[in-house]
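What follows is protein.cif (mmCIF, C-alpha atoms).
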```cif
data_upload
#
loop_
_atom_site.label_atom_id
_atom_site.label_comp_id
_atom_site.auth_asym_id
_atom_site.auth_seq_id
_atom_site.Cartn_x
_atom_site.Cartn_y
_atom_site.Cartn_z
CA LEU G 1283 43.49 29.70 -37.02
CA ALA G 1284 43.44 26.18 -38.48
CA ALA G 1285 40.30 25.30 -36.50
CA ALA G 1286 38.55 28.48 -37.70
CA LEU G 1287 39.51 27.87 -41.34
CA GLU G 1288 38.11 24.34 -41.10
CA HIS G 1289 34.88 25.40 -39.36
CA TRP G 1290 34.01 28.00 -42.01
CA HIS G 1291 35.16 25.69 -44.87
CA ALA G 1292 37.62 28.29 -46.14
CA HIS G 1293 40.19 25.53 -46.72
CA HIS G 1294 37.83 23.91 -49.28
CA ARG G 1295 37.63 27.18 -51.22
CA ILE G 1296 41.44 27.46 -51.32
CA ALA G 1297 41.84 23.82 -52.45
CA LEU G 1298 39.15 23.88 -55.15
CA GLY G 1299 40.36 27.26 -56.38
CA VAL G 1300 43.82 25.83 -57.10
CA ILE G 1301 42.58 22.53 -58.55
CA GLY G 1302 40.12 24.23 -60.89
CA ARG G 1303 42.89 26.08 -62.73
CA VAL G 1304 45.24 23.26 -63.74
CA GLY G 1305 43.43 21.49 -66.60
CA THR G 1306 41.62 18.21 -67.21
CA SER G 1307 44.35 15.59 -67.62
CA SER G 1308 45.01 13.28 -64.68
CA ARG G 1309 48.64 14.42 -64.49
CA ARG G 1310 47.66 18.06 -64.17
CA LEU G 1311 44.99 17.24 -61.61
CA VAL G 1312 47.54 15.38 -59.52
CA LEU G 1313 49.68 18.54 -59.67
CA GLY G 1314 46.71 20.74 -58.75
CA VAL G 1315 45.77 18.58 -55.77
CA MET G 1316 49.41 18.54 -54.62
CA LEU G 1317 49.72 22.34 -54.95
CA ALA G 1318 46.51 22.89 -52.98
CA THR G 1319 47.54 20.37 -50.31
CA ALA G 1320 51.02 21.86 -49.92
CA PHE G 1321 49.71 25.43 -49.67
CA VAL G 1322 47.11 24.60 -47.02
CA SER G 1323 49.67 22.46 -45.13
CA MET G 1324 51.95 25.50 -44.85
CA TRP G 1325 49.42 26.95 -42.40
CA ILE G 1326 47.65 24.02 -40.71
CA SER G 1327 48.91 20.61 -39.58
CA ASN G 1328 49.95 17.99 -42.13
CA THR G 1329 47.48 15.43 -40.76
CA ALA G 1330 44.54 17.84 -40.81
CA THR G 1331 45.41 18.88 -44.37
CA ALA G 1332 45.60 15.29 -45.58
CA ALA G 1333 42.27 14.50 -43.90
CA MET G 1334 40.70 17.57 -45.55
CA MET G 1335 42.05 16.78 -49.03
CA TYR G 1336 41.29 13.05 -48.94
CA PRO G 1337 37.56 13.30 -49.86
CA ILE G 1338 38.35 15.89 -52.55
CA ALA G 1339 40.99 13.59 -54.06
CA MET G 1340 38.65 10.58 -53.86
CA ALA G 1341 35.88 12.48 -55.66
CA ILE G 1342 38.28 13.53 -58.44
CA GLY G 1343 39.79 10.05 -58.69
CA ALA G 1344 36.36 8.47 -59.09
CA LEU G 1345 35.94 10.43 -62.33
CA PHE G 1346 39.04 8.85 -63.91
CA GLY G 1347 36.90 5.87 -64.94
CA ASP G 1348 37.80 2.16 -64.94
CA GLY G 1349 40.83 0.25 -66.08
CA GLU G 1350 44.46 -0.06 -65.06
CA ALA G 1351 45.43 3.45 -66.18
CA ALA G 1352 42.67 5.02 -64.08
CA ARG G 1353 43.60 2.90 -61.06
CA SER G 1354 47.25 3.88 -61.41
CA GLN G 1355 46.39 7.58 -61.56
CA ARG G 1356 44.19 7.29 -58.46
CA VAL G 1357 47.17 5.81 -56.61
CA ALA G 1358 49.32 8.74 -57.77
CA LEU G 1359 46.61 11.18 -56.66
CA LEU G 1360 46.37 9.79 -53.12
CA LEU G 1361 50.14 9.44 -52.74
CA GLY G 1362 50.41 13.03 -53.96
CA VAL G 1363 48.15 14.19 -51.11
CA ALA G 1364 50.27 12.36 -48.53
CA PHE G 1365 53.62 13.60 -49.82
CA ALA G 1366 52.44 17.16 -50.51
CA ALA G 1367 51.06 17.51 -46.97
CA SER G 1368 54.51 16.70 -45.56
CA ILE G 1369 56.40 18.78 -48.13
CA GLY G 1370 54.15 21.81 -47.59
CA GLY G 1371 54.62 21.51 -43.84
CA MET G 1372 58.32 22.22 -44.34
CA GLY G 1373 57.62 25.58 -45.96
CA THR G 1374 56.73 27.74 -42.94
CA LEU G 1375 57.44 27.80 -39.24
CA LEU G 1376 53.78 26.92 -38.56
CA GLY G 1377 53.55 24.11 -41.08
CA THR G 1378 54.20 21.28 -38.66
CA PRO G 1379 55.02 21.11 -34.90
CA PRO G 1380 58.58 19.74 -35.47
CA ASN G 1381 59.46 23.10 -37.06
CA LEU G 1382 58.60 24.76 -33.73
CA ILE G 1383 60.86 22.26 -31.95
CA LEU G 1384 63.70 23.29 -34.26
CA ALA G 1385 63.05 26.98 -33.55
CA GLY G 1386 62.96 26.36 -29.79
CA ALA G 1387 66.14 24.27 -29.85
CA ALA G 1388 67.96 26.79 -32.06
CA LYS G 1389 67.15 29.57 -29.61
CA ASP G 1390 67.99 27.61 -26.45
CA LEU G 1391 71.08 25.77 -27.63
CA ALA G 1392 72.61 28.05 -30.28
CA GLY G 1393 71.17 31.47 -29.45
CA ILE G 1394 69.67 31.77 -32.95
CA ASN G 1395 66.29 33.48 -33.25
CA LEU G 1396 64.57 31.49 -36.01
CA ASP G 1397 61.56 33.73 -36.69
CA PHE G 1398 58.87 33.27 -39.33
CA PHE G 1399 60.67 35.14 -42.13
CA THR G 1400 64.06 33.54 -41.43
CA PHE G 1401 62.54 30.06 -41.52
CA LEU G 1402 60.68 30.96 -44.73
CA ARG G 1403 63.99 31.73 -46.45
CA TYR G 1404 65.08 28.13 -45.89
CA GLY G 1405 61.79 26.23 -45.86
CA LEU G 1406 60.09 27.72 -48.92
CA PRO G 1407 62.91 26.91 -51.41
CA ILE G 1408 62.98 23.32 -50.11
CA THR G 1409 59.22 23.04 -50.68
CA MET G 1410 59.50 24.59 -54.15
CA ILE G 1411 62.16 22.01 -55.13
CA LEU G 1412 60.67 18.89 -53.52
CA LEU G 1413 57.05 19.41 -54.64
CA PRO G 1414 57.64 19.41 -58.44
CA ALA G 1415 60.27 16.68 -58.02
CA CYS G 1416 57.73 14.51 -56.19
CA TRP G 1417 55.09 15.18 -58.86
CA ILE G 1418 57.49 14.26 -61.67
CA LEU G 1419 58.41 11.00 -59.94
CA LEU G 1420 54.76 10.12 -59.34
CA VAL G 1421 53.32 10.76 -62.82
CA PHE G 1422 56.31 10.36 -65.16
CA VAL G 1423 58.26 7.55 -63.46
CA PHE G 1424 56.06 5.37 -61.24
CA HIS G 1425 52.58 6.03 -62.69
CA ARG G 1426 53.11 7.02 -66.31
CA GLU G 1427 49.58 6.30 -67.54
CA ARG G 1428 47.45 9.30 -68.48
CA VAL G 1429 43.69 9.83 -68.27
CA GLU G 1430 41.55 12.75 -69.45
CA LEU G 1431 38.92 13.82 -66.95
CA GLY G 1432 36.39 15.00 -69.52
CA ALA G 1433 33.29 17.14 -69.25
CA ASP G 1434 31.79 15.24 -66.28
CA GLY G 1435 34.85 15.88 -64.18
CA LEU G 1436 34.92 19.57 -65.01
CA ALA G 1437 31.22 19.81 -64.16
CA MET G 1438 31.81 18.16 -60.79
CA LEU G 1439 34.60 20.61 -59.89
CA ALA G 1440 32.51 23.56 -61.08
CA LYS G 1441 29.53 22.37 -59.01
CA ARG G 1442 31.66 22.05 -55.88
CA ARG G 1443 32.93 25.60 -56.33
CA THR G 1444 29.40 26.86 -56.99
CA ASP G 1445 28.07 25.10 -53.89
CA LEU G 1446 30.49 27.11 -51.78
CA GLY G 1447 28.72 30.30 -52.87
CA ARG G 1448 30.24 33.77 -52.57
CA LEU G 1449 33.01 34.56 -50.12
CA GLU G 1450 31.05 36.34 -47.41
CA GLY G 1451 30.10 36.35 -43.75
CA GLY G 1452 32.29 34.49 -41.31
CA GLU G 1453 34.35 32.80 -44.01
CA ARG G 1454 35.44 36.16 -45.45
CA ARG G 1455 36.41 37.45 -42.01
CA VAL G 1456 38.41 34.31 -41.22
CA MET G 1457 40.27 34.71 -44.52
CA PHE G 1458 40.96 38.34 -43.62
CA VAL G 1459 42.42 37.33 -40.21
CA PHE G 1460 44.42 34.59 -41.95
CA ALA G 1461 45.91 37.07 -44.43
CA ALA G 1462 46.57 39.66 -41.72
CA MET G 1463 48.45 37.14 -39.55
CA ALA G 1464 50.53 35.92 -42.50
CA LEU G 1465 51.47 39.49 -43.43
CA ALA G 1466 52.25 40.34 -39.80
CA TRP G 1467 54.61 37.37 -39.52
CA PHE G 1468 56.29 38.32 -42.78
CA PHE G 1469 56.70 42.02 -41.94
CA ARG G 1470 57.39 41.65 -38.21
CA GLU G 1471 61.02 42.79 -38.53
CA PRO G 1472 62.38 45.45 -40.94
CA LYS G 1473 64.29 44.03 -43.90
CA GLU G 1474 67.04 45.36 -46.11
CA ILE G 1475 67.02 44.02 -49.67
CA GLY G 1476 69.82 45.83 -51.46
CA SER G 1477 68.96 49.53 -51.30
CA LEU G 1478 65.31 48.75 -50.47
CA HIS G 1479 64.20 49.18 -46.85
CA ILE G 1480 61.02 47.33 -45.86
CA PHE G 1481 59.11 48.57 -42.82
CA GLY G 1482 58.84 46.25 -39.83
CA LEU G 1483 56.14 46.13 -37.12
CA THR G 1484 58.84 46.01 -34.43
CA ALA G 1485 59.52 49.67 -35.22
CA LEU G 1486 56.13 50.39 -33.58
CA MET G 1487 56.12 47.48 -31.09
CA PRO G 1488 59.70 46.48 -30.27
CA SER G 1489 58.69 43.51 -28.10
CA LEU G 1490 56.41 41.92 -30.75
CA THR G 1491 57.27 38.27 -31.46
CA ASP G 1492 55.93 35.59 -33.81
CA ALA G 1493 54.25 33.98 -30.80
CA GLY G 1494 52.71 37.34 -29.91
CA ILE G 1495 51.20 37.68 -33.37
CA ALA G 1496 49.79 34.15 -33.09
CA VAL G 1497 48.20 34.88 -29.70
CA ILE G 1498 46.73 38.19 -30.92
CA GLY G 1499 45.29 36.46 -33.99
CA GLY G 1500 43.92 33.58 -31.92
CA ILE G 1501 42.19 35.91 -29.45
CA THR G 1502 40.82 37.97 -32.35
CA LEU G 1503 39.05 34.89 -33.72
CA PHE G 1504 37.15 34.54 -30.43
CA LEU G 1505 36.13 38.23 -30.47
CA ILE G 1506 35.08 38.92 -34.07
CA PRO G 1507 31.52 37.82 -34.93
CA GLY G 1508 30.80 36.04 -38.20
CA ARG G 1509 27.52 35.63 -40.08
CA THR G 1510 26.49 32.05 -40.85
CA ARG G 1511 24.67 30.94 -44.00
CA ASP G 1512 21.33 30.98 -42.16
CA ARG G 1513 22.00 34.66 -41.28
CA GLY G 1514 22.76 33.94 -37.65
CA GLU G 1515 25.83 35.32 -35.88
CA ARG G 1516 28.48 33.63 -33.78
CA PRO G 1517 32.19 34.22 -33.06
CA LEU G 1518 34.62 33.09 -35.74
CA LEU G 1519 35.92 30.54 -33.24
CA THR G 1520 34.35 29.10 -30.10
CA TRP G 1521 35.82 26.83 -27.47
CA LYS G 1522 33.79 23.95 -28.95
CA GLU G 1523 36.03 24.02 -32.04
CA ALA G 1524 39.15 24.96 -30.08
CA ARG G 1525 38.80 21.82 -27.94
CA GLU G 1526 39.38 19.75 -31.09
CA ILE G 1527 42.87 21.26 -31.53
CA PRO G 1528 45.50 18.58 -30.65
CA TRP G 1529 46.70 20.35 -27.49
CA ASP G 1530 48.16 17.08 -26.20
CA VAL G 1531 50.63 16.98 -29.11
CA LEU G 1532 51.72 20.59 -28.50
CA LEU G 1533 52.10 19.94 -24.75
CA LEU G 1534 54.17 16.86 -25.60
CA PHE G 1535 56.53 18.98 -27.70
CA GLY G 1536 56.67 21.67 -25.03
CA GLY G 1537 57.46 19.03 -22.40
CA GLY G 1538 60.27 17.73 -24.59
CA LEU G 1539 61.79 21.21 -24.85
CA SER G 1540 61.49 21.63 -21.07
CA LEU G 1541 63.19 18.27 -20.50
CA ALA G 1542 65.98 19.26 -22.90
CA ALA G 1543 66.47 22.59 -21.07
CA GLY G 1544 66.63 20.74 -17.73
CA MET G 1545 69.21 18.28 -19.05
CA GLU G 1546 71.27 21.17 -20.43
CA SER G 1547 71.19 23.34 -17.29
CA SER G 1548 71.90 20.43 -14.92
CA GLY G 1549 74.91 19.25 -16.90
CA LEU G 1550 73.33 15.86 -17.70
CA ALA G 1551 73.44 16.51 -21.45
CA ALA G 1552 77.19 17.24 -21.34
CA ARG G 1553 77.81 14.12 -19.23
CA ILE G 1554 75.85 11.92 -21.64
CA GLY G 1555 77.86 13.41 -24.49
CA VAL G 1556 81.13 12.56 -22.73
CA TRP G 1557 79.96 8.99 -22.02
CA MET G 1558 78.97 8.47 -25.66
#
```

Output the structure of this file as structure tokens.
Amino acid sequence: LAAALEHWHAHHRIALGVIGRVGTSSRRLVLGVMLATAFVSMWISNTATAAMMYPIAMAIGALFGDGEAARSQRVALLLGVAFAASIGGMGTLLGTPPNLILAGAAKDLAGINLDFFTFLRYGLPITMILLPACWILLVFVFHRERVELGADGLAMLAKRRTDLGRLEGGERRVMFVFAAMALAWFFREPKEIGSLHIFGLTALMPSLTDAGIAVIGGITLFLIPGRTRDRGERPLLTWKEAREIPWDVLLLFGGGLSLAAGMESSGLAARIGVWM
């Protein structure tokens, strides 16, 4: 999903859409960039999000002008990208691979099924507290100078949004798959909120898991065709883009879980605990 969003530049539309609504002062732009970074990082890796937002932040920072105040605000802007990418990654189960390690360990060691919605109940409030706290520290404590972006800056942001054109073709279909997967994760299990009963997909497919939704969504991206800007057609995702996914990192985490399971089942973990 992350690779498809990046290929069709849907992540740029999300980021510029958020940034364009926050105002023209440097403080508000730092907030807008952080909000966009955190939101995208909830769905794709922290590193990929930071790499995606870096050129956007640099282009905005260049419009702050010269002088110490402008330099200080550029520092706040780039630090905001770095911190927001990590904070946003805490928000959902998919935000960063360590969250998946936690879910795997919770299931293997404590018998707790930490699904997408359960993790969201803990992760999202943490993100909603840390993100504004980080922004306040950056622009009101450490970098208190303030710069107005002005008409040139607004024109640059407007031009970037215009250059993206209408949401159509492959980009629109990727966004549809993205939204469908997010909703499926959220509504996988039925929920009781007071007297309100919310339907769950497991009522129709009892064996459906978060991993199952991810696999279905991933396969769907290879099957659905998307129209490119030159009116050609190709799948929303091909193996050329999928090869760029950091499989080695995911296999490393999976190997760590396997090693932990082996230590647990063989009794080595208990023996190490006794020795310590």

Practice task
Extract, using all atoms listed in the file, all DNA, RNA and protein residues at most 8 Å from region 1533-1542 of chain G, discarding same-chain residues fewer than 3 positions from it, and format them as a list in words.
Solution key: Pro1379, Ile1383, Gly1386, Ala1387, Trp1529, Asp1530, Met1545 and Glu1546 of chain G

Exercise for the section: To one decimal in Å, tell me the separation between CA of Ala1341 (chain G) and CA of Ile1411 (chain G). Expected result: 28.0 Å

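Note that the spacing between CA of Gly1393 (chain G) and CA of Thr1374 (chain G) amounts to 20.1 Å.
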
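Atom pair CA of Ser1477 (chain G) / CA of Met1410 (chain G): separated by 26.8 Å.
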
Practice task
Write out as a PyMOL selection string each polymer residue whose atoms come within 10 Å of Ala1493 (chain G), counting only C-alpha atoms; drop sequence neighbours fewer than 5 positions from it.
Solution key: chain G and resi 1397-1398+1467+1498-1499

Practice task
Return the single residue from G:Arg1470, G:Val1459, G:Arg1516, G:Leu1396 that is closest to Gly1494 (chain G), with distances computed using only C-alpha atoms.
Solution key: G:Arg1470

Practice task
Write out as a PyMOL selection string the residues lying within 7 Å of Thr1409 (chain G), counting only C-alpha atoms and excluding same-chain residues fewer than 5 positions away.
Solution key: chain G and resi 1369-1370+1372-1373

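The residues returned by the PyMOL selection byres ((chain G and resi 1303) around 12) for this structure are G:Ile1296, G:Ala1297, G:Leu1298, G:Gly1299, G:Val1300, G:Ile1301, G:Gly1302, G:Val1304, G:Gly1305, G:Thr1306, G:Ser1307, G:Arg1310, G:Leu1311, G:Leu1313, G:Gly1314, G:Val1315, G:Leu1317, G:Ala1318, G:Leu1436, G:Leu1439, G:Ala1440, G:Arg1443.
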
Preceding selection exported with C-alpha atoms as an mmCIF file, in the coordinates of the input:
```cif
data_model
loop_
_atom_site.group_PDB
_atom_site.id
_atom_site.type_symbol
_atom_site.label_atom_id
_atom_site.label_comp_id
_atom_site.auth_asym_id
_atom_site.auth_seq_id
_atom_site.Cartn_x
_atom_site.Cartn_y
_atom_site.Cartn_z
ATOM 1 C CA ILE G 1296 41.440 27.460 -51.320
ATOM 2 C CA ALA G 1297 41.840 23.820 -52.450
ATOM 3 C CA LEU G 1298 39.150 23.880 -55.150
ATOM 4 C CA GLY G 1299 40.360 27.260 -56.380
ATOM 5 C CA VAL G 1300 43.820 25.830 -57.100
ATOM 6 C CA ILE G 1301 42.580 22.530 -58.550
ATOM 7 C CA GLY G 1302 40.120 24.230 -60.890
ATOM 8 C CA VAL G 1304 45.240 23.260 -63.740
ATOM 9 C CA GLY G 1305 43.430 21.490 -66.600
ATOM 10 C CA THR G 1306 41.620 18.210 -67.210
ATOM 11 C CA SER G 1307 44.350 15.590 -67.620
ATOM 12 C CA ARG G 1310 47.660 18.060 -64.170
ATOM 13 C CA LEU G 1311 44.990 17.240 -61.610
ATOM 14 C CA LEU G 1313 49.680 18.540 -59.670
ATOM 15 C CA GLY G 1314 46.710 20.740 -58.750
ATOM 16 C CA VAL G 1315 45.770 18.580 -55.770
ATOM 17 C CA LEU G 1317 49.720 22.340 -54.950
ATOM 18 C CA ALA G 1318 46.510 22.890 -52.980
ATOM 19 C CA LEU G 1436 34.920 19.570 -65.010
ATOM 20 C CA LEU G 1439 34.600 20.610 -59.890
ATOM 21 C CA ALA G 1440 32.510 23.560 -61.080
ATOM 22 C CA ARG G 1443 32.930 25.600 -56.330
#
```

Problem - Using all atoms listed in the file: which of G:Leu1550, G:Ala1320, G:Ile1495, G:Ile1506 has the shortest distance to Gly1377 (chain G) - result: G:Ala1320

Could you check which residues have any atom within 10 Å of (53.3, 14.3, -38.7), counting only C-alpha atoms with coordinates taken straight from the file, and then list them as an mmCIF file with C-alpha atoms, in the frame of the given file?
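That gives us selection10.cif:
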```
data_model
loop_
_atom_site.group_PDB
_atom_site.id
_atom_site.type_symbol
_atom_site.label_atom_id
_atom_site.label_comp_id
_atom_site.auth_asym_id
_atom_site.auth_seq_id
_atom_site.Cartn_x
_atom_site.Cartn_y
_atom_site.Cartn_z
ATOM 1 C CA SER G 1327 48.910 20.610 -39.580
ATOM 2 C CA ASN G 1328 49.950 17.990 -42.130
ATOM 3 C CA THR G 1329 47.480 15.430 -40.760
ATOM 4 C CA ALA G 1330 44.540 17.840 -40.810
ATOM 5 C CA ALA G 1367 51.060 17.510 -46.970
ATOM 6 C CA SER G 1368 54.510 16.700 -45.560
ATOM 7 C CA GLY G 1371 54.620 21.510 -43.840
ATOM 8 C CA THR G 1378 54.200 21.280 -38.660
ATOM 9 C CA PRO G 1379 55.020 21.110 -34.900
ATOM 10 C CA PRO G 1380 58.580 19.740 -35.470
#
```

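Using all atoms listed in the file, the residues found no farther than 9 Å from Leu1505 (chain G), other than those of its own chain fewer than 4 positions away, are G:Ile1501, G:Pro1517, G:Leu1518, G:Leu1519.
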
Practice task
Please write as an MDAnalysis selection string the full residue list that the PyMOL selection byres ((chain G and resi 1427) around 8) yields on this file.
Solution key: chainID G and resid 1351:1352 1354:1355 1421 1425:1426 1428:1429

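Comparing G:Ala1485, G:Ile1342, G:Ala1285, G:Ala1358 by their smallest distance to Met1438 (chain G), the closest is G:Ile1342 (using only C-alpha atoms).
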